[in-house]
file protein.pdb (PDB, C-alpha atoms and all ligand atoms)
MODEL        1
ATOM      1  CA  MET A   1     138.811 116.638  74.134
ATOM      2  CA  VAL A   2     139.937 119.434  76.487
ATOM      3  CA  ARG A   3     142.185 118.565  79.408
ATOM      4  CA  SER A   4     140.353 117.329  82.524
ATOM      5  CA  LEU A   5     141.499 115.880  85.837
ATOM      6  CA  ILE A   6     139.989 112.472  86.506
ATOM      7  CA  ASP A   7     142.781 110.644  88.310
ATOM      8  CA  ILE A   8     145.890 111.966  90.049
ATOM      9  CA  THR A   9     147.930 109.963  87.510
ATOM     10  CA  ASP A  10     146.695 112.424  84.849
ATOM     11  CA  LEU A  11     149.218 114.880  86.315
ATOM     12  CA  SER A  12     152.962 114.456  85.833
ATOM     13  CA  THR A  13     155.390 114.914  88.707
ATOM     14  CA  GLU A  14     156.423 118.251  87.171
ATOM     15  CA  GLU A  15     152.781 119.358  87.055
ATOM     16  CA  LEU A  16     152.284 118.424  90.718
ATOM     17  CA  GLU A  17     155.312 120.596  91.489
ATOM     18  CA  GLN A  18     153.938 123.476  89.372
ATOM     19  CA  LEU A  19     150.528 123.296  91.073
ATOM     20  CA  THR A  20     152.165 123.257  94.501
ATOM     21  CA  ASN A  21     154.317 126.256  93.604
ATOM     22  CA  THR A  22     151.294 128.169  92.259
ATOM     23  CA  ALA A  23     149.341 127.399  95.453
ATOM     24  CA  LEU A  24     152.245 128.600  97.594
ATOM     25  CA  ASP A  25     152.406 131.795  95.514
ATOM     26  CA  ILE A  26     148.635 132.332  95.920
ATOM     27  CA  ILE A  27     149.075 132.038  99.702
ATOM     28  CA  GLU A  28     151.854 134.664  99.590
ATOM     29  CA  HIS A  29     150.271 137.027  97.034
ATOM     30  CA  PRO A  30     146.458 136.553  96.984
ATOM     31  CA  ALA A  31     145.813 139.971  95.436
ATOM     32  CA  ASP A  32     147.726 138.938  92.280
ATOM     33  CA  TYR A  33     145.120 136.222  91.681
ATOM     34  CA  ALA A  34     141.948 137.997  92.819
ATOM     35  CA  HIS A  35     140.625 138.862  89.333
ATOM     36  CA  LEU A  36     142.161 136.248  87.048
ATOM     37  CA  CYS A  37     138.851 134.404  86.524
ATOM     38  CA  ALA A  38     136.619 137.476  86.201
ATOM     39  CA  GLY A  39     133.693 136.606  83.924
ATOM     40  CA  LYS A  40     134.325 132.856  84.179
ATOM     41  CA  LYS A  41     131.954 130.311  85.708
ATOM     42  CA  LEU A  42     132.586 127.119  87.634
ATOM     43  CA  ALA A  43     129.725 124.584  87.814
ATOM     44  CA  THR A  44     129.840 122.382  90.902
ATOM     45  CA  LEU A  45     127.765 119.225  90.310
ATOM     46  CA  PHE A  46     127.579 117.245  93.524
ATOM     47  CA  PHE A  47     125.471 114.108  93.353
ATOM     48  CA  GLU A  48     126.829 112.951  96.744
ATOM     49  CA  PRO A  49     127.135 114.895 100.017
ATOM     50  CA  SER A  50     130.123 117.185 100.539
ATOM     51  CA  THR A  51     131.144 120.105 102.711
ATOM     52  CA  ARG A  52     134.867 120.697 102.072
ATOM     53  CA  THR A  53     135.241 119.791  98.434
ATOM     54  CA  ARG A  54     132.234 121.663  97.088
ATOM     55  CA  LEU A  55     132.663 124.748  99.254
ATOM     56  CA  SER A  56     136.423 124.918  98.729
ATOM     57  CA  PHE A  57     135.925 124.742  94.959
ATOM     58  CA  GLU A  58     133.359 127.523  95.217
ATOM     59  CA  ALA A  59     135.547 129.611  97.549
ATOM     60  CA  ALA A  60     138.467 129.008  95.166
ATOM     61  CA  MET A  61     136.510 130.334  92.171
ATOM     62  CA  TYR A  62     135.232 133.366  94.104
ATOM     63  CA  GLU A  63     138.769 134.166  95.295
ATOM     64  CA  LEU A  64     139.876 134.086  91.652
ATOM     65  CA  GLY A  65     137.179 136.638  90.821
ATOM     66  CA  GLY A  66     134.887 134.149  89.054
ATOM     67  CA  ASN A  67     131.329 132.954  89.614
ATOM     68  CA  VAL A  68     129.730 129.660  90.560
ATOM     69  CA  LEU A  69     126.685 127.630  89.455
ATOM     70  CA  SER A  70     125.831 124.776  91.769
ATOM     71  CA  VAL A  71     123.885 121.512  91.858
ATOM     72  CA  THR A  72     124.103 120.381  95.467
ATOM     73  CA  ASP A  73     121.943 117.296  95.304
ATOM     74  CA  ALA A  74     121.015 114.795  92.573
ATOM     75  CA  ALA A  75     117.360 114.991  93.671
ATOM     76  CA  SER A  76     117.180 118.668  92.711
ATOM     77  CA  SER A  77     118.625 118.157  89.217
ATOM     78  CA  SER A  78     117.298 116.399  86.130
ATOM     79  CA  ALA A  79     119.408 113.373  87.074
ATOM     80  CA  ALA A  80     116.367 112.548  89.227
ATOM     81  CA  LYS A  81     114.306 112.366  86.009
ATOM     82  CA  GLY A  82     116.803 109.992  84.449
ATOM     83  CA  GLU A  83     119.126 112.368  82.571
ATOM     84  CA  SER A  84     122.457 110.667  81.877
ATOM     85  CA  VAL A  85     125.840 111.943  83.070
ATOM     86  CA  ALA A  86     126.833 112.345  79.406
ATOM     87  CA  ASP A  87     123.847 114.585  78.629
ATOM     88  CA  THR A  88     124.317 116.546  81.854
ATOM     89  CA  ALA A  89     127.936 117.248  80.889
ATOM     90  CA  LYS A  90     126.891 118.461  77.417
ATOM     91  CA  VAL A  91     124.250 120.741  78.934
ATOM     92  CA  ILE A  92     126.517 122.265  81.592
ATOM     93  CA  SER A  93     129.119 122.945  78.879
ATOM     94  CA  CYS A  94     126.629 125.475  77.458
ATOM     95  CA  TYR A  95     126.531 127.443  80.726
ATOM     96  CA  ALA A  96     129.915 127.189  82.457
ATOM     97  CA  ASP A  97     133.652 127.246  81.715
ATOM     98  CA  ILE A  98     134.697 124.382  83.998
ATOM     99  CA  ILE A  99     132.971 121.612  85.991
ATOM    100  CA  ALA A 100     133.816 120.049  89.370
ATOM    101  CA  MET A 101     131.747 116.885  89.764
ATOM    102  CA  ARG A 102     131.180 114.355  92.555
ATOM    103  CA  HIS A 103     129.214 111.227  91.768
ATOM    104  CA  PRO A 104     128.582 107.929  93.584
ATOM    105  CA  LYS A 105     129.468 105.847  90.511
ATOM    106  CA  GLU A 106     133.076 105.017  89.744
ATOM    107  CA  GLY A 107     133.959 106.294  86.286
ATOM    108  CA  ALA A 108     131.201 108.945  86.181
ATOM    109  CA  ALA A 109     133.700 111.818  86.006
ATOM    110  CA  LEU A 110     135.420 110.168  83.047
ATOM    111  CA  VAL A 111     132.084 109.834  81.227
ATOM    112  CA  ALA A 112     131.407 113.527  81.919
ATOM    113  CA  ALA A 113     134.854 114.515  80.611
ATOM    114  CA  MET A 114     134.343 112.493  77.424
ATOM    115  CA  ASN A 115     131.118 114.369  76.701
ATOM    116  CA  ALA A 116     131.813 117.885  77.985
ATOM    117  CA  SER A 117     133.440 120.557  75.845
ATOM    118  CA  ILE A 118     134.929 122.190  78.967
ATOM    119  CA  PRO A 119     137.370 120.800  81.581
ATOM    120  CA  VAL A 120     135.919 118.389  84.148
ATOM    121  CA  ILE A 121     137.481 117.903  87.566
ATOM    122  CA  ASN A 122     136.707 114.681  89.404
ATOM    123  CA  ALA A 123     135.675 115.696  92.922
ATOM    124  CA  GLY A 124     135.249 112.032  93.933
ATOM    125  CA  ASP A 125     133.777 109.100  91.989
ATOM    126  CA  GLY A 126     132.462 106.330  94.217
ATOM    127  CA  GLY A 127     135.244 104.460  95.999
ATOM    128  CA  HIS A 128     137.616 105.051  93.069
ATOM    129  CA  CYS A 129     139.597 108.261  93.475
ATOM    130  CA  HIS A 130     139.565 111.858  94.674
ATOM    131  CA  PRO A 131     142.476 113.642  93.018
ATOM    132  CA  THR A 132     141.891 117.139  94.402
ATOM    133  CA  GLN A 133     141.933 115.795  97.970
ATOM    134  CA  THR A 134     145.333 114.413  97.060
ATOM    135  CA  LEU A 135     146.416 117.866  95.915
ATOM    136  CA  ALA A 136     145.373 119.173  99.358
ATOM    137  CA  ASP A 137     147.266 116.309 101.022
ATOM    138  CA  LEU A 138     150.399 116.979  98.971
ATOM    139  CA  LEU A 139     150.463 120.695  99.765
ATOM    140  CA  THR A 140     150.040 119.846 103.446
ATOM    141  CA  ILE A 141     152.943 117.383 103.329
ATOM    142  CA  ARG A 142     155.070 119.938 101.470
ATOM    143  CA  ARG A 143     154.328 122.674 103.999
ATOM    144  CA  GLU A 144     154.810 120.409 107.025
ATOM    145  CA  LYS A 145     157.767 118.320 105.889
ATOM    146  CA  GLY A 146     159.332 120.374 103.096
ATOM    147  CA  ARG A 147     159.626 117.250 100.927
ATOM    148  CA  TYR A 148     157.736 114.313  99.396
ATOM    149  CA  SER A 149     160.640 111.851  99.505
ATOM    150  CA  ASP A 150     162.237 109.902 102.392
ATOM    151  CA  LEU A 151     159.004 109.457 104.310
ATOM    152  CA  THR A 152     157.319 106.586 106.120
ATOM    153  CA  VAL A 153     153.603 107.086 105.570
ATOM    154  CA  GLY A 154     151.033 105.227 107.669
ATOM    155  CA  LEU A 155     147.580 104.978 106.072
ATOM    156  CA  CYS A 156     145.044 103.872 108.641
ATOM    157  CA  GLY A 157     141.375 102.858 108.641
ATOM    158  CA  ASP A 158     139.195 102.089 105.647
ATOM    159  CA  LEU A 159     141.802 101.511 102.958
ATOM    160  CA  LYS A 160     139.350  99.564 100.799
ATOM    161  CA  PHE A 161     136.669 102.180 100.188
ATOM    162  CA  GLY A 162     138.721 105.272 101.107
ATOM    163  CA  ARG A 163     139.217 106.823  97.667
ATOM    164  CA  THR A 164     141.552 109.493  99.034
ATOM    165  CA  VAL A 165     143.963 106.740 100.093
ATOM    166  CA  HIS A 166     144.077 105.268  96.584
ATOM    167  CA  SER A 167     144.854 108.652  95.037
ATOM    168  CA  LEU A 168     147.491 109.507  97.680
ATOM    169  CA  ILE A 169     149.331 106.203  97.171
ATOM    170  CA  ASN A 170     149.387 106.916  93.433
ATOM    171  CA  ALA A 171     150.833 110.379  94.018
ATOM    172  CA  LEU A 172     153.486 109.521  96.623
ATOM    173  CA  ALA A 173     154.549 106.356  94.799
ATOM    174  CA  ARG A 174     156.524 108.465  92.354
ATOM    175  CA  TYR A 175     158.899 109.915  94.956
ATOM    176  CA  GLU A 176     162.160 108.439  96.266
ATOM    177  CA  ASN A 177     162.281 106.314  99.379
ATOM    178  CA  VAL A 178     158.618 106.542 100.369
ATOM    179  CA  ARG A 179     157.576 103.573 102.490
ATOM    180  CA  PHE A 180     153.896 102.773 103.098
ATOM    181  CA  VAL A 181     152.518 101.156 106.252
ATOM    182  CA  LEU A 182     148.960 100.043 105.443
ATOM    183  CA  ILE A 183     147.016  99.773 108.705
ATOM    184  CA  SER A 184     143.495  98.360 108.454
ATOM    185  CA  PRO A 185     141.200  95.552 109.519
ATOM    186  CA  GLU A 186     141.473  92.488 107.267
ATOM    187  CA  GLU A 187     138.153  93.345 105.572
ATOM    188  CA  LEU A 188     139.221  96.898 104.708
ATOM    189  CA  LYS A 189     142.650  96.335 103.157
ATOM    190  CA  VAL A 190     143.879  98.325 100.150
ATOM    191  CA  PRO A 191     142.274  96.775  97.027
ATOM    192  CA  SER A 192     144.471  94.301  95.205
ATOM    193  CA  TYR A 193     144.385  96.414  92.017
ATOM    194  CA  VAL A 194     146.131  99.268  93.880
ATOM    195  CA  LYS A 195     148.710  96.859  95.306
ATOM    196  CA  LYS A 196     149.354  95.164  91.950
ATOM    197  CA  GLU A 197     149.185  98.200  89.668
ATOM    198  CA  VAL A 198     150.978 100.716  91.881
ATOM    199  CA  LEU A 199     152.868  99.270  94.831
ATOM    200  CA  GLN A 200     154.114  95.983  93.387
ATOM    201  CA  LYS A 201     154.528  97.186  89.799
ATOM    202  CA  GLN A 202     156.782 100.014  90.932
ATOM    203  CA  GLY A 203     158.653  97.838  93.437
ATOM    204  CA  LEU A 204     157.601 100.058  96.354
ATOM    205  CA  SER A 205     158.225  99.212  99.946
ATOM    206  CA  TYR A 206     155.057  98.510 101.922
ATOM    207  CA  VAL A 207     153.808  96.463 104.857
ATOM    208  CA  GLN A 208     150.245  95.586 105.836
ATOM    209  CA  THR A 209     149.278  95.404 109.485
ATOM    210  CA  THR A 210     146.255  95.629 111.743
ATOM    211  CA  ASP A 211     148.296  97.144 114.605
ATOM    212  CA  LEU A 212     148.390 100.966 114.650
ATOM    213  CA  GLU A 213     150.253 101.228 117.949
ATOM    214  CA  ALA A 214     153.052  98.903 116.850
ATOM    215  CA  ALA A 215     153.518 100.916 113.643
ATOM    216  CA  MET A 216     153.383 104.338 115.334
ATOM    217  CA  PRO A 217     157.071 104.912 116.279
ATOM    218  CA  GLU A 218     158.331 104.672 112.696
ATOM    219  CA  LEU A 219     155.791 106.996 111.052
ATOM    220  CA  ASP A 220     156.564 110.452 109.648
ATOM    221  CA  ILE A 221     152.967 110.877 108.472
ATOM    222  CA  LEU A 222     149.840 109.250 109.844
ATOM    223  CA  TYR A 223     146.886 109.529 107.447
ATOM    224  CA  MET A 224     143.719 108.554 109.323
ATOM    225  CA  THR A 225     140.490 107.791 107.455
ATOM    226  CA  ARG A 226     136.828 107.330 108.253
ATOM    227  CA  VAL A 227     135.143 103.973 107.718
ATOM    228  CA  GLN A 228     132.980 104.740 104.668
ATOM    229  CA  ARG A 229     129.515 103.790 105.864
ATOM    230  CA  GLU A 230     127.905 104.755 102.540
ATOM    231  CA  ARG A 231     129.904 102.108 100.632
ATOM    232  CA  PHE A 232     128.973  99.131 102.845
ATOM    233  CA  PHE A 233     126.366  96.655 101.616
ATOM    234  CA  ASN A 234     125.638  95.522 105.139
ATOM    235  CA  GLU A 235     125.055  97.816 108.166
ATOM    236  CA  GLU A 236     126.176  95.081 110.580
ATOM    237  CA  ASP A 237     129.618  94.986 108.978
ATOM    238  CA  TYR A 238     129.876  98.769 109.244
ATOM    239  CA  LEU A 239     128.919  98.729 112.932
ATOM    240  CA  ARG A 240     131.471  95.998 113.641
ATOM    241  CA  LEU A 241     134.310  97.827 111.872
ATOM    242  CA  LYS A 242     133.572 101.520 112.427
ATOM    243  CA  ASP A 243     135.593 101.882 115.633
ATOM    244  CA  SER A 244     138.541  99.734 114.583
ATOM    245  CA  TYR A 245     140.922 102.675 115.094
ATOM    246  CA  ILE A 246     140.392 105.636 117.393
ATOM    247  CA  LEU A 247     143.433 107.867 117.721
ATOM    248  CA  THR A 248     143.716 109.163 121.283
ATOM    249  CA  PRO A 249     146.551 111.080 123.005
ATOM    250  CA  ASP A 250     147.862 107.944 124.769
ATOM    251  CA  LYS A 251     148.348 106.215 121.395
ATOM    252  CA  LEU A 252     150.641 109.070 120.339
ATOM    253  CA  ARG A 253     153.079 108.527 123.240
ATOM    254  CA  SER A 254     155.413 106.475 121.065
ATOM    255  CA  ALA A 255     155.013 108.719 117.994
ATOM    256  CA  LYS A 256     157.746 110.943 116.582
ATOM    257  CA  LYS A 257     157.800 114.512 117.860
ATOM    258  CA  ASP A 258     157.480 115.744 114.269
ATOM    259  CA  LEU A 259     154.782 113.299 113.159
ATOM    260  CA  SER A 260     152.175 114.953 110.908
ATOM    261  CA  ILE A 261     148.623 113.688 111.443
ATOM    262  CA  LEU A 262     146.411 114.076 108.372
ATOM    263  CA  HIS A 263     142.773 113.168 107.751
ATOM    264  CA  PRO A 264     140.756 114.126 104.658
ATOM    265  CA  LEU A 265     137.714 114.719 106.933
ATOM    266  CA  PRO A 266     134.864 114.442 107.730
ATOM    267  CA  ARG A 267     135.892 112.723 110.937
ATOM    268  CA  VAL A 268     133.380 110.587 112.793
ATOM    269  CA  ASN A 269     135.266 109.421 115.866
ATOM    270  CA  GLU A 270     138.528 108.027 114.500
ATOM    271  CA  ILE A 271     140.503 110.980 115.915
ATOM    272  CA  SER A 272     139.709 112.147 119.428
ATOM    273  CA  VAL A 273     139.015 115.899 119.621
ATOM    274  CA  ALA A 274     141.686 115.979 122.369
ATOM    275  CA  ILE A 275     144.249 115.653 119.550
ATOM    276  CA  ASP A 276     143.075 118.793 117.765
ATOM    277  CA  SER A 277     145.276 120.994 119.944
ATOM    278  CA  ASP A 278     148.361 118.783 119.443
ATOM    279  CA  PRO A 279     150.803 120.637 117.149
ATOM    280  CA  ARG A 280     151.100 117.450 115.090
ATOM    281  CA  ALA A 281     147.423 117.636 114.053
ATOM    282  CA  CYS A 282     147.336 118.985 110.481
ATOM    283  CA  TYR A 283     143.817 118.105 109.321
ATOM    284  CA  PHE A 284     142.326 121.579 109.548
ATOM    285  CA  LYS A 285     145.379 123.010 107.763
ATOM    286  CA  GLN A 286     144.685 120.376 105.081
ATOM    287  CA  VAL A 287     141.206 121.878 104.582
ATOM    288  CA  SER A 288     142.702 125.303 103.941
ATOM    289  CA  ASN A 289     145.411 123.919 101.660
ATOM    290  CA  GLY A 290     142.705 122.274  99.555
ATOM    291  CA  LYS A 291     141.286 125.635  98.547
ATOM    292  CA  TYR A 292     144.665 126.940  97.353
ATOM    293  CA  MET A 293     145.406 123.817  95.330
ATOM    294  CA  ARG A 294     141.940 123.987  93.745
ATOM    295  CA  MET A 295     142.605 127.624  92.811
ATOM    296  CA  ALA A 296     145.869 126.552  91.164
ATOM    297  CA  LEU A 297     144.102 123.700  89.344
ATOM    298  CA  ILE A 298     141.228 125.859  88.045
ATOM    299  CA  LEU A 299     143.776 128.335  86.635
ATOM    300  CA  LYS A 300     145.812 125.577  85.005
ATOM    301  CA  LEU A 301     142.862 123.844  83.330
ATOM    302  CA  LEU A 302     141.235 127.082  82.141
ATOM    303  CA  LYS A 303     144.563 128.228  80.648
ATOM    304  CA  GLU A 304     145.060 124.889  78.899
ATOM    305  CA  ALA A 305     141.507 125.030  77.540
ATOM    306  CA  GLY A 306     142.300 128.470  76.094
ATOM    307  CA  THR A 307     139.596 130.089  78.263
ATOM    308  CA  LEU A 308     142.007 132.351  80.174
TER     309      LEU A 308
HETATM  310  N1  LIG N 401     137.464 115.405 102.172
HETATM  311  C1  LIG N 401     136.253 115.520 101.541
HETATM  312  O1  LIG N 401     136.107 115.099 100.395
HETATM  313  O2  LIG N 401     135.300 116.119 102.290
HETATM  314  P1  LIG N 401     133.801 116.376 101.803
HETATM  315  O3  LIG N 401     133.166 115.011 101.602
HETATM  316  O4  LIG N 401     133.160 117.175 102.881
HETATM  317  O5  LIG N 401     133.867 117.100 100.487
ENDMDL
END

call {"tool": "encode", "arguments": {"input": "protein.pdb", "output": "structure tokens"}}
result
Amino acid sequence: MVRSLIDITDLSTEELEQLTNTALDIIEHPADYAHLCAGKKLATLFFEPSTRTRLSFEAAMYELGGNVLSVTDAASSSAAKGESVADTAKVISCYADIIAMRHPKEGAALVAAMNASIPVINAGDGGHCHPTQTLADLLTIRREKGRYSDLTVGLCGDLKFGRTVHSLINALARYENVRFVLISPEELKVPSYVKKEVLQKQGLSYVQTTDLEAAMPELDILYMTRVQRERFFNEEDYLRLKDSYILTPDKLRSAKKDLSILHPLPRVNEISVAIDSDPRACYFKQVSNGKYMRMALILKLLKEAGTL
């Protein structure tokens, strides 16, 4: 089986460092990378909506000199006729050199990787994980803070269904003196498997609270998330919880001057647009960082597969 990226834990700490360093080098010297994937094809298979992830993967491949094949909607592919993920992965392996796939079912990317003969990148599988968003988050933290250790990280909003939160906890858990403040309504707490398998198993420091304003003064990073409407079984519950946290300028009065505010986006209304001009707002920089990390990842996986 060729190397794929399904979960952020598939990458060692050294590999996260290498990917970050490659992304930083791409930012400094884009011309050195502009033709490295000439003649290679990325297939983006998106069976769930996306703007950033799909387009940043495609922009990444074009900026490496490669080409892109795209399925933007399950309804326009043979998945709508009942083709399995396993068969789809075998078929796409005949046309492309690497796959980035988003799917509503948890574990779908793993099934694709087990059946493809080319690398598969998980671009989000249900409420499970979203490792390349975490790569974007890590590069943003590195560029804003210069470090991954000695940080108090507030994760706020839908910590139950927010797959980017699960992947980010897994990534930051490996660094020294990282403390998590988990801010959510009772119904949207971090799943117990993440607490047991990552936070408690590794003896990490964390607190759970419903009170964003009380937590604010201690935070170095505030990672806001959208309440994931598409994962709710009941619209009434979504409507009751969707506005649990709305970050407005007055709520930042007690925040550190060098707080970094992240959000994987899309935002609904959990961050007021009045915050966009605050120098602490990093969420649009995060979007840009995602493309560079995806470029670094495509290069790494194609090299390991022997394609480059
Ligand atoms: N952050 C993220 O995954 O955005 P998209 O859903 O637009 O890809």

call {"tool": "closest_residue", "arguments": {"input": "protein.pdb", "among": "A:Leu16, A:Val153, A:Leu265, A:Leu301", "to": "ligand LIG 401 (chain N)", "atoms": "all atoms listed in the file"}}
result
A:Leu265

call {"tool": "residues_near_ligand", "arguments": {"input": "protein.pdb", "ligand": "ligand LIG 401 (chain N)", "cutoff": "12 Å", "atoms": "all atoms listed in the file", "output": "ChimeraX atom specification"}}
result
/A:44,46-58,72,100-104,122-127,129-137,162-165,224-226,228,230,262-268,283-284,286-291

call {"tool": "closest_residue", "arguments": {"input": "protein.pdb", "among": "A:Gly82, A:Gly65, A:Pro185, A:Gly203", "to": "A:Cys37", "atoms": "all atoms listed in the file"}}
result
A:Gly65

call {"tool": "closest_residue", "arguments": {"input": "protein.pdb", "among": "A:Leu155, A:Ala23, A:Ile6, A:Leu188", "to": "A:Ala108", "atoms": "all atoms listed in the file"}}
result
A:Ile6

call {"tool": "residues_near_point", "arguments": {"input": "protein.pdb", "point": "(127.1, 127.7, 91.8)", "cutoff": "8 Å", "atoms": "all atoms listed in the file", "output": "list of chain:residue names"}}
result
A:Leu42, A:Ala43, A:Thr44, A:Glu58, A:Asn67, A:Val68, A:Leu69, A:Ser70, A:Val71

call {"tool": "write_last_selection", "arguments": {"input": "protein.pdb", "atoms": "C-alpha atoms", "output": "PDB file, keeping the file's coordinate frame"}}
result
ATOM      1  CA  LEU A  42     132.586 127.119  87.634  1.00  0.00           C
ATOM      2  CA  ALA A  43     129.725 124.584  87.814  1.00  0.00           C
ATOM      3  CA  THR A  44     129.840 122.382  90.902  1.00  0.00           C
ATOM      4  CA  GLU A  58     133.359 127.523  95.217  1.00  0.00           C
ATOM      5  CA  ASN A  67     131.329 132.954  89.614  1.00  0.00           C
ATOM      6  CA  VAL A  68     129.730 129.660  90.560  1.00  0.00           C
ATOM      7  CA  LEU A  69     126.685 127.630  89.455  1.00  0.00           C
ATOM      8  CA  SER A  70     125.831 124.776  91.769  1.00  0.00           C
ATOM      9  CA  VAL A  71     123.885 121.512  91.858  1.00  0.00           C
TER      10      VAL A  71
END

call {"tool": "closest_residue", "arguments": {"input": "protein.pdb", "among": "A:Val85, A:Val194, A:Tyr292, A:Leu308", "to": "A:His29", "atoms": "only C-alpha atoms"}}
result
A:Tyr292

call {"tool": "atom_distance", "arguments": {"input": "protein.pdb", "atom1": "atom CA of A:Leu299", "atom2": "atom CA of A:Glu17"}}
result
14.7 Å

call {"tool": "resolve_selection", "arguments": {"input": "protein.pdb", "expression": "the PyMOL selection byres (((chain A and resi 269) around 9) and not hetatm)", "output": "compact mmCIF listing (two decimals) with C-alpha atoms, in the frame of the given file"}}
result
# COMPACT_ATOMS: atom_id res chain seq x y z
CA ARG A 226 136.83 107.33 108.25
CA LYS A 242 133.57 101.52 112.43
CA ASP A 243 135.59 101.88 115.63
CA TYR A 245 140.92 102.68 115.09
CA ILE A 246 140.39 105.64 117.39
CA LEU A 247 143.43 107.87 117.72
CA ARG A 267 135.89 112.72 110.94
CA VAL A 268 133.38 110.59 112.79
CA GLU A 270 138.53 108.03 114.50
CA ILE A 271 140.50 110.98 115.92
CA SER A 272 139.71 112.15 119.43
CA VAL A 273 139.01 115.90 119.62

call {"tool": "closest_residue", "arguments": {"input": "protein.pdb", "among": "A:Arg280, A:Asp158, A:Leu172, A:Ser4", "to": "A:Leu241", "atoms": "only C-alpha atoms"}}
result
A:Asp158

call {"tool": "atom_distance", "arguments": {"input": "protein.pdb", "atom1": "atom CA of A:Asp237", "atom2": "atom CA of A:Glu186"}}
result
12.2 Å
